[in-house]
Amino acid sequence: MMKSTAPYQSALPSFDAPPGGHLSPAMVSAYKESGVIVLKNFVTPAACRKLRQRVAELIREFDPDKVRSVFSTTQQTQLTDKYFIESGDKIRFFLEANAFDESGKLRQSKENSLNKMGHAMHDIDPVFDEFSHSPELDRIARALGIADPAIIQSMYLFKPPRIGAEVVCHQDSTYIYTEPESCIGFWFALEDATVENGCMYFIPGGHRGPLRQRNHRLDDGTSRTDVLSDEPFDEDRKVAAEVSAGSLVIFDGRAPHLSVENRSARSRHAYSLHVIDRRCHYPADNWLQRGPQLPLRGFV
């Protein structure tokens with residue numbers, strides 16, 4: 001397979017956060033061209049601190065001796081983990097694969113052993129609810145083509161120091177699939193994200209390629225990922241999404257992205273939302289499902 005002949009892009013399109021979430025034509029055009037844009041200073045330092053403080057409170061209630069669910073994009077243990085698969089309408093914690101030593105004890109504090117938390121904080125927890133719902137986010141989603149936005153999941157991403165795992169190149173529509181595809185990711189940097197502490201990388205324009213995989217929930221409560229296209233990702237063209245705390249990274253569900261290991265002494269906390277269009281069909285065999293007690297909500 002020949003690699004893309006598109007011009008190499010050395011930086012992702014980046015803009016100052018627009019007042020009120022009103023994207024300019026240039027912002028919309030850049031998003032459509034690259035599949036990803038960065039909005040700097042979208043979130044205030046106070047809002048970042050408030051979310052991190054709330055997470056610290058939730059972690060204090062978490063007992064890793066009772067739940068040792070691991071999330072890993074290389075080992076894929078979550079595909080058969082019902083604690084993970086049944087988390088679409090709950091708040092659950094997932095540890096790093098390298099969190100435990102040979103004797104089964106945590107190598108680091110539990111705060112620095114977690115991979116992520118998910119997947120319904122935005123609907124269950126008042127602090128996350130307040131952060132996640134706003135007219136500004138609604139305007140952005142609609143400007144990018146979502147006529148009836150709904151938040152399908154939320155994730156708090158820890159990328160802990162020293163053991164933060166690699167996230168292999170993937171497309172979010174693999175796991176958050178609609179017909180037609182409508183998934184958009186909203187990724188909020190709560191700490192500075194750099195190449196040293198495992199920032200994301202994107203392949204600009206890669207969203208115009210095919211969807212490579214599709215994940216399905218199976219009747220036995222596990223899930224399986226099927227290959228739809230064997231076209232490789234052109235990772236030679238990846239661009240680092242180095243952003244400061246408070247930045248918002250918005251990306252298309254087909255936008256290929258990844259992150260490398262975090263071996264630094266600094267964490268890389270982030271919070272993400274995935275949004276779909278309620279006009280689109282959300283298949284019953286998507287792994288992520290919500291019970292009737294927690295119906296989908298929009299941004300407002």
# chains A, B, ... in the order shown; residues from 1 in each chain; ligands from 1
call {"tool": "residues_around", "arguments": {"residues": "segment 65-77 of chain A", "least_positions_apart": "6", "cutoff": "7 Å", "atoms": "only C-alpha atoms", "output": "count of residues only"}}
result
7
call {"tool": "select_by_dssp", "arguments": {"residues": "segment 31-237 of chain A", "states": "helix (DSSP H, G or I)", "output": "count of residues only"}}
result
60
call {"tool": "closest_residue", "arguments": {"among": "A:Met117, A:Met155, A:Leu58, A:Leu248", "to": "Ala17 of chain A", "atoms": "only C-alpha atoms"}}
result
A:Leu248
call {"tool": "closest_residue", "arguments": {"among": "A:Phe251, A:Trp287, A:Trp187, A:Tyr175", "to": "Leu218 of chain A", "atoms": "only C-alpha atoms"}}
result
A:Trp287
call {"tool": "closest_residue", "arguments": {"among": "A:Glu166, A:Glu179, A:Asp234, A:Asp285", "to": "Asp219 of chain A", "atoms": "only C-alpha atoms"}}
result
A:Asp285
